[in-house]
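Here's upload.csv, which has CSV, C-alpha atoms:
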chain,number,residue,atom,x,y,z
K,1,MET,CA,313.1,128.7,-27.0
K,2,ARG,CA,311.3,131.2,-29.2
K,3,TYR,CA,309.5,130.1,-32.3
K,4,ARG,CA,306.9,132.9,-32.7
K,5,GLY,CA,306.6,134.8,-36.0
K,6,ALA,CA,307.3,138.4,-36.8
K,7,GLY,CA,303.5,139.1,-36.9
K,8,GLU,CA,303.1,138.1,-33.3
K,9,ALA,CA,306.3,139.8,-32.2
K,10,GLY,CA,304.9,143.1,-33.6
K,11,MET,CA,301.9,142.7,-31.3
K,12,GLY,CA,303.9,142.4,-28.1
K,13,SER,CA,303.9,138.6,-28.5
K,14,VAL,CA,300.1,138.4,-27.9
K,15,CYS,CA,299.7,135.0,-29.6
K,16,ILE,CA,297.6,132.4,-27.7
K,17,SER,CA,294.0,133.4,-28.3
K,18,ARG,CA,293.5,133.9,-32.1
K,19,PRO,CA,294.2,131.3,-34.8
K,20,GLY,CA,297.3,131.8,-37.0
K,21,PHE,CA,300.3,130.0,-38.4
K,22,TRP,CA,302.9,130.7,-35.7
K,23,ASN,CA,300.2,131.0,-33.0
K,24,SER,CA,299.6,127.3,-33.5
K,25,PHE,CA,302.9,126.6,-31.9
K,26,SER,CA,302.3,129.0,-29.0
K,27,ASN,CA,298.9,127.4,-28.2
K,28,GLN,CA,298.5,124.1,-30.0
K,29,ALA,CA,294.7,124.2,-29.7
K,30,LEU,CA,294.8,126.9,-32.4
K,31,LEU,CA,296.0,124.3,-34.9
K,32,ALA,CA,292.4,123.3,-35.3
K,33,GLY,CA,291.7,126.7,-36.9
K,34,ASN,CA,294.2,126.2,-39.7
K,35,THR,CA,292.5,124.8,-42.8
K,36,SER,CA,295.3,125.2,-45.3
K,37,LEU,CA,298.6,123.3,-45.8
K,38,SER,CA,301.1,125.9,-44.8
K,39,ALA,CA,304.8,126.4,-44.3
K,40,GLY,CA,306.8,129.2,-42.7
K,41,VAL,CA,310.2,130.5,-41.8
K,42,ASN,CA,311.2,133.2,-39.3
K,43,TYR,CA,314.4,134.9,-38.3
K,44,GLU,CA,314.8,137.0,-35.1
K,45,ASN,CA,317.9,139.2,-34.8
K,46,ARG,CA,318.3,140.1,-31.1
K,47,PHE,CA,320.1,143.5,-30.5
K,48,CYS,CA,321.8,143.3,-33.9
K,49,LEU,CA,324.1,140.5,-32.8
K,50,ALA,CA,324.3,137.5,-35.1
K,51,GLU,CA,325.3,135.3,-32.2
K,52,LEU,CA,321.9,135.8,-30.6
K,53,GLY,CA,319.9,135.1,-33.8
K,54,THR,CA,317.0,132.6,-33.7
K,55,ARG,CA,315.9,130.8,-36.8
K,56,SER,CA,312.6,128.9,-36.9
K,57,ALA,CA,310.7,126.9,-39.4
K,58,GLY,CA,307.3,125.2,-39.3
K,59,VAL,CA,304.7,123.2,-41.2
K,60,VAL,CA,301.0,122.9,-40.5
K,61,ILE,CA,299.0,120.0,-42.0
K,62,PRO,CA,295.2,120.1,-41.7
K,63,ALA,CA,293.2,116.9,-41.5
K,64,GLY,CA,289.5,117.6,-40.9
K,65,LYS,CA,288.7,118.6,-37.4
K,66,ALA,CA,292.3,118.0,-36.4
K,67,SER,CA,295.6,119.5,-37.6
K,68,ALA,CA,299.2,118.5,-37.1
K,69,GLY,CA,302.3,120.7,-36.9
K,70,ILE,CA,306.0,120.4,-36.9
K,71,VAL,CA,308.3,123.2,-35.7
K,72,TYR,CA,312.1,123.6,-35.4
K,73,SER,CA,314.0,126.4,-33.9
K,74,HIS,CA,317.7,127.1,-33.6
K,75,PHE,CA,319.5,129.7,-31.4
K,76,GLY,CA,323.2,130.5,-31.0
K,77,TYR,CA,326.5,130.2,-32.8
K,78,ASN,CA,329.4,127.7,-33.1
K,79,HIS,CA,330.4,127.8,-29.4
K,80,PHE,CA,326.9,127.6,-28.0
K,81,ARG,CA,323.9,126.3,-29.8
K,82,ARG,CA,320.4,125.5,-28.6
K,83,SER,CA,317.8,123.8,-30.8
K,84,MET,CA,314.2,122.6,-30.3
K,85,THR,CA,312.0,120.3,-32.3
K,86,GLY,CA,308.3,120.0,-31.6
K,87,VAL,CA,305.5,117.8,-33.0
K,88,ALA,CA,302.0,119.1,-32.3
K,89,CYS,CA,298.4,118.2,-32.8
K,90,GLY,CA,295.3,120.3,-32.3
K,91,MET,CA,291.6,119.2,-32.5
K,92,ALA,CA,288.2,120.8,-32.4
K,93,LEU,CA,286.2,119.4,-29.4
K,94,GLY,CA,283.1,121.4,-30.3
K,95,GLU,CA,282.0,124.3,-32.4
K,96,ASN,CA,283.7,126.9,-30.1
K,97,ILE,CA,286.3,124.9,-28.2
K,98,SER,CA,289.5,123.2,-29.1
K,99,ALA,CA,292.5,121.6,-27.4
K,100,GLY,CA,296.1,120.6,-28.5
K,101,VAL,CA,299.3,119.2,-27.3
K,102,GLN,CA,303.0,119.3,-28.4
K,103,VAL,CA,306.0,117.1,-27.5
K,104,ASP,CA,309.3,119.0,-27.5
K,105,TYR,CA,312.9,117.8,-27.8
K,106,PHE,CA,315.6,120.3,-26.6
K,107,LEU,CA,319.3,119.9,-27.4
K,108,GLU,CA,322.0,122.3,-26.1
K,109,ARG,CA,325.6,122.0,-27.3
K,110,THR,CA,328.7,123.9,-26.2
K,111,SER,CA,332.3,123.7,-27.5
K,112,GLY,CA,335.2,122.4,-25.4
K,113,GLU,CA,334.8,119.9,-22.6
K,114,TYR,CA,331.3,120.8,-21.5
K,115,ASP,CA,328.6,118.2,-21.8
K,116,ASN,CA,325.7,118.4,-24.2
K,117,ASN,CA,322.3,118.7,-22.6
K,118,GLN,CA,319.1,117.0,-23.8
K,119,ALA,CA,315.6,117.2,-22.5
K,120,ILE,CA,312.1,116.1,-23.5
K,121,THR,CA,308.9,117.8,-22.3
K,122,PHE,CA,305.5,118.7,-23.5
K,123,GLU,CA,303.1,121.7,-23.7
K,124,ALA,CA,299.4,121.9,-24.1
K,125,GLY,CA,296.7,124.5,-24.6
K,126,MET,CA,293.0,125.2,-25.0
K,127,ALA,CA,291.1,127.8,-27.0
K,128,PHE,CA,287.6,129.1,-26.6
K,129,LYS,CA,285.3,131.3,-28.7
K,130,PRO,CA,282.4,132.4,-26.4
K,131,ALA,CA,281.2,134.9,-29.0
K,132,GLU,CA,281.8,135.5,-32.7
K,133,ASN,CA,284.4,138.2,-32.1
K,134,ILE,CA,285.9,137.1,-28.7
K,135,PHE,CA,288.8,134.7,-28.4
K,136,ILE,CA,290.2,133.1,-25.2
K,137,GLY,CA,293.4,131.0,-24.8
K,138,LEU,CA,295.1,129.1,-22.1
K,139,HIS,CA,298.6,127.4,-22.4
K,140,LEU,CA,300.9,125.3,-20.2
K,141,PHE,CA,304.5,124.6,-20.9
K,142,ASN,CA,306.5,121.9,-19.1
K,143,PRO,CA,303.9,121.1,-16.4
K,144,LEU,CA,306.3,118.5,-15.0
K,145,PRO,CA,308.3,118.5,-11.7
K,146,ASN,CA,312.1,119.1,-12.2
K,147,SER,CA,312.8,116.0,-10.1
K,148,LEU,CA,312.0,113.9,-13.2
K,149,ARG,CA,315.0,115.4,-15.2
K,150,ASN,CA,318.7,116.0,-14.7
K,151,LYS,CA,318.6,119.7,-15.6
K,152,LYS,CA,316.0,122.1,-14.4
K,153,MET,CA,313.6,123.6,-16.9
K,154,PRO,CA,311.1,126.4,-16.1
K,155,SER,CA,307.4,125.8,-16.2
K,156,THR,CA,305.1,128.4,-17.7
K,157,ILE,CA,301.4,129.2,-17.7
K,158,ARG,CA,299.8,131.8,-20.0
K,159,ALA,CA,296.3,133.1,-20.3
K,160,GLY,CA,294.9,135.6,-22.7
K,161,ALA,CA,291.9,137.0,-24.5
K,162,GLY,CA,291.3,139.1,-27.7
K,163,ILE,CA,288.5,140.8,-29.4
K,164,GLU,CA,287.8,141.9,-33.0
K,165,LEU,CA,286.5,145.4,-32.5
K,166,THR,CA,285.7,145.8,-36.2
K,167,GLY,CA,286.4,143.6,-39.2
K,168,ALA,CA,289.8,145.3,-39.5
K,169,LEU,CA,290.9,145.8,-35.9
K,170,PHE,CA,291.9,143.1,-33.4
K,171,ALA,CA,293.2,143.8,-29.8
K,172,GLY,CA,294.4,141.4,-27.2
K,173,ALA,CA,296.1,141.0,-23.8
K,174,GLU,CA,297.9,138.2,-22.1
K,175,THR,CA,299.6,137.3,-18.8
K,176,GLU,CA,302.4,134.9,-18.3
K,177,MET,CA,303.9,133.4,-15.1
K,178,SER,CA,307.1,131.3,-15.2
K,179,SER,CA,308.6,129.5,-12.3
K,180,GLY,CA,311.0,131.8,-10.4
K,181,GLU,CA,310.1,134.9,-12.6
K,182,LYS,CA,307.8,137.9,-12.2
K,183,LEU,CA,304.4,138.1,-13.8
K,184,VAL,CA,304.6,139.3,-17.4
K,185,ILE,CA,301.8,141.3,-19.1
K,186,ARG,CA,301.5,141.7,-22.8
K,187,THR,CA,299.1,143.8,-24.9
K,188,GLY,CA,298.9,144.3,-28.6
K,189,PHE,CA,296.7,145.2,-31.6
K,190,GLU,CA,296.5,144.5,-35.4
K,191,TYR,CA,294.8,146.9,-37.8
K,192,GLU,CA,294.2,146.3,-41.5
K,193,ALA,CA,295.0,149.8,-42.7
K,194,PHE,CA,294.7,149.0,-46.4
K,195,ARG,CA,293.6,145.9,-48.2
K,196,LYS,CA,296.1,143.1,-47.5
K,197,LEU,CA,298.3,145.5,-45.4
K,198,TRP,CA,298.3,145.2,-41.6
K,199,LEU,CA,299.9,147.5,-39.0
K,200,ARG,CA,300.7,146.2,-35.5
K,201,GLY,CA,301.8,147.5,-32.2
K,202,GLY,CA,302.2,146.3,-28.6
K,203,PHE,CA,303.8,146.4,-25.2
K,204,CYS,CA,305.4,143.8,-22.9
K,205,SER,CA,306.1,144.5,-19.3
K,206,GLU,CA,309.3,142.3,-19.5
K,207,ASN,CA,312.2,144.8,-20.0
K,208,THR,CA,309.6,147.5,-20.7
K,209,SER,CA,309.4,146.6,-24.4
K,210,PHE,CA,307.4,148.5,-27.0
K,211,THR,CA,306.8,146.7,-30.3
K,212,PHE,CA,305.5,147.6,-33.8
K,213,GLY,CA,305.4,145.9,-37.1
K,214,LEU,CA,303.6,145.4,-40.4
K,215,GLY,CA,302.4,142.6,-42.6
K,216,TYR,CA,301.5,142.2,-46.3
K,217,LEU,CA,299.7,139.4,-48.1
K,218,LEU,CA,300.8,138.7,-51.7
K,219,LYS,CA,298.5,136.0,-53.1
K,220,SER,CA,299.4,132.9,-51.1
K,221,LEU,CA,302.5,134.5,-49.6
K,222,LYS,CA,302.5,136.5,-46.3
K,223,ILE,CA,305.4,138.7,-45.3
K,224,ASP,CA,305.8,140.1,-41.8
K,225,LEU,CA,308.3,142.5,-40.2
K,226,SER,CA,308.6,143.6,-36.6
K,227,PHE,CA,310.7,145.6,-34.2
K,228,ALA,CA,310.9,145.4,-30.4
K,229,THR,CA,312.7,147.8,-28.0
K,230,HIS,CA,314.6,146.9,-24.9
K,231,GLU,CA,315.1,149.5,-22.1
K,232,ARG,CA,318.9,148.9,-22.1
K,233,LEU,CA,320.1,146.7,-25.0
K,234,GLY,CA,318.5,148.2,-28.1
K,235,ILE,CA,316.3,146.8,-30.9
K,236,THR,CA,315.3,143.3,-31.8
K,237,SER,CA,314.0,142.8,-35.3
K,238,SER,CA,312.2,139.9,-36.8
K,239,ALA,CA,311.1,138.8,-40.3
K,240,SER,CA,308.9,135.9,-41.4
K,241,ILE,CA,307.4,134.4,-44.5
K,242,ILE,CA,304.4,132.2,-44.5
K,243,PHE,CA,303.3,130.3,-47.6
K,244,LYS,CA,299.9,128.6,-48.0
K,245,ILE,CA,300.5,125.6,-50.2
K,246,LYS,CA,296.9,124.6,-50.5

Is it possible to give me this structure as structure tokens?
Amino acid sequence: MRYRGAGEAGMGSVCISRPGFWNSFSNQALLAGNTSLSAGVNYENRFCLAELGTRSAGVVIPAGKASAGIVYSHFGYNHFRRSMTGVACGMALGENISAGVQVDYFLERTSGEYDNNQAITFEAGMAFKPAENIFIGLHLFNPLPNSLRNKKMPSTIRAGAGIELTGALFAGAETEMSSGEKLVIRTGFEYEAFRKLWLRGGFCSENTSFTFGLGYLLKSLKIDLSFATHERLGITSSASIIFKIK
């Protein structure tokens, strides 16, 4: 289930090393870096097919050294729907290290005589800042044996790092390994070309996907757009809005 934002999608989905709103649900340790009460919505249109659209919404609530988050994501159409609800918490363990965990509930519904499927799992992450401009992230999803559930669910481990080369340029890279799948490599960058306007680009080895996007900050409202190519199926577009309430 995808619940990343358009900003992360424009960077090749590099999203587990640097604090951000949607990043907090990709690596819950990054929740500790959020100091504002924030809410966001995102829509991903895969290959221009409404039936493959994913809608996501989230809220981040700061509380001192810890922050809480709630995220919801919905994929599909009337005859096949998959939703996910997650409750997360991230906490600073020290000046340059944080950790977080999230409990997930998945529900899959199909029309006709097919059974609905439900599953509960968790994910966890850690974030490190060994230097002022260097970020490192580690994330685990579903680190449980499938023998504990009726339906198999893949387990995933991700590791990544990023660096702020200047005050306006960030670059990062990640690797991802899921059970039964090939290793995936992602790279991406974000550049503040003008004040409050960001340009993004990236690459993902999965389906040889190139990505690009842009973001704009209007007072307390941030708007992001992104586009990702697929070697056979076409373009996936995403749009997200993040509002800092306080």

Problem set entry | From K:Ser83, K:Thr211, K:Ser240, K:Gln118, residue lying nearest K:Gly12 [all atoms listed in the file] |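 Closest to K:Gly12, using all atoms listed in the file: K:Thr211.
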
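Proximity to stretch 197-208 of chain K at 7 Å, evaluated using all atoms listed in the file and with sequence-adjacent residues fewer than 4 positions away removed, yields Gly10, Met11, Gly12, Val184, Ile185, Arg186, Thr187, Gly188, Phe189, Glu190, Tyr191, Glu192, Ala193, Phe212, Gly213, Leu214, Gly215, Tyr216, Leu217, His230 and Glu231 of chain K.
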
Exercise. Atom CA of K:Gly64 and atom CA of K:Ser17, how far apart in Å?
Worked result: 20.7 Å

For this session: For each of K:Lys151, K:Arg232, K:Arg195, K:Arg158, take the minimum atom-to-atom distance to K:Gly137, counting all atoms listed in the file, then give the residue where this is smallest.
Result: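 Going through K:Lys151, K:Arg232, K:Arg195, K:Arg158 one by one, the smallest distance to K:Gly137 is for K:Arg158.
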
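Remark: for K:Ser73, the closest of the candidate residues K:Gly94, K:Gly160, K:Pro143, K:Gly40 is K:Gly40 (distances computed over all atoms listed in the file).
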
Exercise. So which one's closest to K:Asn45, K:Ile223, K:Ala9, K:Ile245, K:Met126? Using all atoms listed in the file, please.
Worked result: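 Using all atoms listed in the file, the shortest distance to K:Asn45 belongs to K:Ala9.
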
For this session: Counting all atoms listed in the file, write as a ChimeraX atom specification all protein and nucleic acid residues lying at most 12 Å from (282.2, 139.2, -38.1) in the file's frame.
Result: /K:131-134,163-170

For C-alpha atoms, I'd like the residues from the last selection saved as an mmCIF file, keeping the file's coordinate frame.
data_model
loop_
_atom_site.group_PDB
_atom_site.id
_atom_site.type_symbol
_atom_site.label_atom_id
_atom_site.label_comp_id
_atom_site.auth_asym_id
_atom_site.auth_seq_id
_atom_site.Cartn_x
_atom_site.Cartn_y
_atom_site.Cartn_z
ATOM 1 C CA ALA K 131 281.200 134.900 -29.000
ATOM 2 C CA GLU K 132 281.800 135.500 -32.700
ATOM 3 C CA ASN K 133 284.400 138.200 -32.100
ATOM 4 C CA ILE K 134 285.900 137.100 -28.700
ATOM 5 C CA ILE K 163 288.500 140.800 -29.400
ATOM 6 C CA GLU K 164 287.800 141.900 -33.000
ATOM 7 C CA LEU K 165 286.500 145.400 -32.500
ATOM 8 C CA THR K 166 285.700 145.800 -36.200
ATOM 9 C CA GLY K 167 286.400 143.600 -39.200
ATOM 10 C CA ALA K 168 289.800 145.300 -39.500
ATOM 11 C CA LEU K 169 290.900 145.800 -35.900
ATOM 12 C CA PHE K 170 291.900 143.100 -33.400
#

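When all atoms listed in the file are used to measure the gap to K:Arg4, the shortest distance among K:Val87, K:Ala39, K:Ala57, K:Cys48 belongs to K:Ala57.
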
Problem set entry | Within 6 Å of K:Asp104 using all atoms listed in the file, minus same-chain residues under 6 positions, as an NGL selection string | :K and (85-86 or 120-122)

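Pairwise distance (atom CA of K:Gly172, atom CA of K:Lys244) equals 25.0 Å.
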
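If only C-alpha atoms are the atoms counted, then among K:Phe227, K:Phe210, K:Phe75, K:Phe25 the closest residue to K:Glu123 is K:Phe25.
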
Exercise. What is the distance between atom CA of K:Leu31 and atom CA of K:Ser56, in Å to one decimal?
Worked result: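 About the pair atom CA of K:Leu31 and atom CA of K:Ser56: they are 17.3 Å apart.
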
Exercise. Using all atoms listed in the file, which residues sit within 6 Å of K:Tyr43 once same-chain residues fewer than 2 positions away are excluded, as a ChimeraX atom specification?
Worked result: /K:54-55,238-239

Exercise. So which residues are close to (287.8, 129.5, -26.6), meaning at most 12 Å away in the file's coordinates with all atoms listed in the file counted, and can you show them as JSON, numbers by chain?
Worked result: {"K": [16, 17, 18, 19, 27, 29, 30, 32, 33, 92, 93, 94, 95, 96, 97, 98, 99, 125, 126, 127, 128, 129, 130, 131, 132, 133, 134, 135, 136, 137, 138, 139, 159, 160, 161, 162, 163]}

Reconstruct stretch 172-183 of chain K at the level of all heavy atoms, and format the result as a PDB file, in the coordinates of the input.
ATOM      1  N   GLY K 172     294.293 142.471 -28.139  1.00  0.00           N
ATOM      2  CA  GLY K 172     294.400 141.400 -27.200  1.00  0.00           C
ATOM      3  C   GLY K 172     295.316 141.673 -26.049  1.00  0.00           C
ATOM      4  O   GLY K 172     296.105 142.627 -26.082  1.00  0.00           O
ATOM      5  N   ALA K 173     295.226 140.852 -24.995  1.00  0.00           N
ATOM      6  CA  ALA K 173     296.100 141.000 -23.800  1.00  0.00           C
ATOM      7  C   ALA K 173     296.342 139.596 -23.254  1.00  0.00           C
ATOM      8  O   ALA K 173     295.498 138.701 -23.356  1.00  0.00           O
ATOM      9  CB  ALA K 173     295.441 141.883 -22.769  1.00  0.00           C
ATOM     10  N   GLU K 174     297.528 139.430 -22.639  1.00  0.00           N
ATOM     11  CA  GLU K 174     297.900 138.200 -22.100  1.00  0.00           C
ATOM     12  C   GLU K 174     298.698 138.377 -20.769  1.00  0.00           C
ATOM     13  O   GLU K 174     299.302 139.428 -20.570  1.00  0.00           O
ATOM     14  CB  GLU K 174     298.798 137.350 -23.012  1.00  0.00           C
ATOM     15  CG  GLU K 174     298.129 136.888 -24.271  1.00  0.00           C
ATOM     16  CD  GLU K 174     299.079 136.113 -25.176  1.00  0.00           C
ATOM     17  OE1 GLU K 174     300.198 135.776 -24.718  1.00  0.00           O
ATOM     18  OE2 GLU K 174     298.701 135.842 -26.317  1.00  0.00           O
ATOM     19  N   THR K 175     298.682 137.354 -19.933  1.00  0.00           N
ATOM     20  CA  THR K 175     299.600 137.300 -18.800  1.00  0.00           C
ATOM     21  C   THR K 175     300.346 136.018 -18.815  1.00  0.00           C
ATOM     22  O   THR K 175     299.869 134.996 -19.314  1.00  0.00           O
ATOM     23  CB  THR K 175     298.763 137.385 -17.453  1.00  0.00           C
ATOM     24  OG1 THR K 175     297.866 136.266 -17.382  1.00  0.00           O
ATOM     25  CG2 THR K 175     297.973 138.680 -17.360  1.00  0.00           C
ATOM     26  N   GLU K 176     301.564 136.061 -18.298  1.00  0.00           N
ATOM     27  CA  GLU K 176     302.400 134.900 -18.300  1.00  0.00           C
ATOM     28  C   GLU K 176     303.148 134.796 -16.947  1.00  0.00           C
ATOM     29  O   GLU K 176     303.689 135.793 -16.452  1.00  0.00           O
ATOM     30  CB  GLU K 176     303.453 134.954 -19.418  1.00  0.00           C
ATOM     31  CG  GLU K 176     304.471 133.818 -19.394  1.00  0.00           C
ATOM     32  CD  GLU K 176     305.507 133.939 -20.486  1.00  0.00           C
ATOM     33  OE1 GLU K 176     305.134 134.329 -21.606  1.00  0.00           O
ATOM     34  OE2 GLU K 176     306.694 133.641 -20.212  1.00  0.00           O
ATOM     35  N   MET K 177     303.156 133.598 -16.371  1.00  0.00           N
ATOM     36  CA  MET K 177     303.900 133.400 -15.100  1.00  0.00           C
ATOM     37  C   MET K 177     304.784 132.150 -15.327  1.00  0.00           C
ATOM     38  O   MET K 177     304.323 131.064 -15.668  1.00  0.00           O
ATOM     39  CB  MET K 177     302.903 133.096 -13.977  1.00  0.00           C
ATOM     40  CG  MET K 177     303.591 132.748 -12.657  1.00  0.00           C
ATOM     41  SD  MET K 177     304.637 134.091 -12.006  1.00  0.00           S
ATOM     42  CE  MET K 177     303.370 135.183 -11.345  1.00  0.00           C
ATOM     43  N   SER K 178     306.094 132.370 -15.130  1.00  0.00           N
ATOM     44  CA  SER K 178     307.100 131.300 -15.200  1.00  0.00           C
ATOM     45  C   SER K 178     307.659 131.051 -13.836  1.00  0.00           C
ATOM     46  O   SER K 178     307.758 131.977 -13.015  1.00  0.00           O
ATOM     47  CB  SER K 178     308.202 131.641 -16.189  1.00  0.00           C
ATOM     48  OG  SER K 178     307.708 131.802 -17.495  1.00  0.00           O
ATOM     49  N   SER K 179     308.059 129.824 -13.577  1.00  0.00           N
ATOM     50  CA  SER K 179     308.600 129.500 -12.300  1.00  0.00           C
ATOM     51  C   SER K 179     309.861 130.324 -11.989  1.00  0.00           C
ATOM     52  O   SER K 179     310.780 130.397 -12.794  1.00  0.00           O
ATOM     53  CB  SER K 179     308.967 127.999 -12.224  1.00  0.00           C
ATOM     54  OG  SER K 179     309.783 127.636 -13.331  1.00  0.00           O
ATOM     55  N   GLY K 180     309.862 130.991 -10.850  1.00  0.00           N
ATOM     56  CA  GLY K 180     311.000 131.800 -10.400  1.00  0.00           C
ATOM     57  C   GLY K 180     311.061 133.173 -11.083  1.00  0.00           C
ATOM     58  O   GLY K 180     312.040 133.900 -10.879  1.00  0.00           O
ATOM     59  N   GLU K 181     310.054 133.565 -11.857  1.00  0.00           N
ATOM     60  CA  GLU K 181     310.100 134.900 -12.600  1.00  0.00           C
ATOM     61  C   GLU K 181     308.860 135.692 -12.156  1.00  0.00           C
ATOM     62  O   GLU K 181     307.885 135.191 -11.620  1.00  0.00           O
ATOM     63  CB  GLU K 181     310.059 134.635 -14.073  1.00  0.00           C
ATOM     64  CG  GLU K 181     311.233 133.835 -14.605  1.00  0.00           C
ATOM     65  CD  GLU K 181     312.541 134.590 -14.519  1.00  0.00           C
ATOM     66  OE1 GLU K 181     312.497 135.842 -14.439  1.00  0.00           O
ATOM     67  OE2 GLU K 181     313.607 133.944 -14.543  1.00  0.00           O
ATOM     68  N   LYS K 182     308.944 136.997 -12.467  1.00  0.00           N
ATOM     69  CA  LYS K 182     307.800 137.900 -12.200  1.00  0.00           C
ATOM     70  C   LYS K 182     306.730 137.725 -13.244  1.00  0.00           C
ATOM     71  O   LYS K 182     306.978 137.228 -14.342  1.00  0.00           O
ATOM     72  CB  LYS K 182     308.316 139.354 -12.210  1.00  0.00           C
ATOM     73  CG  LYS K 182     309.294 139.706 -11.099  1.00  0.00           C
ATOM     74  CD  LYS K 182     309.686 141.170 -11.188  1.00  0.00           C
ATOM     75  CE  LYS K 182     310.644 141.556 -10.073  1.00  0.00           C
ATOM     76  NZ  LYS K 182     311.052 142.983 -10.168  1.00  0.00           N
ATOM     77  N   LEU K 183     305.534 138.144 -12.890  1.00  0.00           N
ATOM     78  CA  LEU K 183     304.400 138.100 -13.800  1.00  0.00           C
ATOM     79  C   LEU K 183     304.689 139.040 -14.996  1.00  0.00           C
ATOM     80  O   LEU K 183     305.135 140.173 -14.819  1.00  0.00           O
ATOM     81  CB  LEU K 183     303.131 138.534 -13.107  1.00  0.00           C
ATOM     82  CG  LEU K 183     301.851 138.561 -13.957  1.00  0.00           C
ATOM     83  CD1 LEU K 183     301.424 137.138 -14.296  1.00  0.00           C
ATOM     84  CD2 LEU K 183     300.742 139.291 -13.214  1.00  0.00           C
TER      85      LEU K 183
END
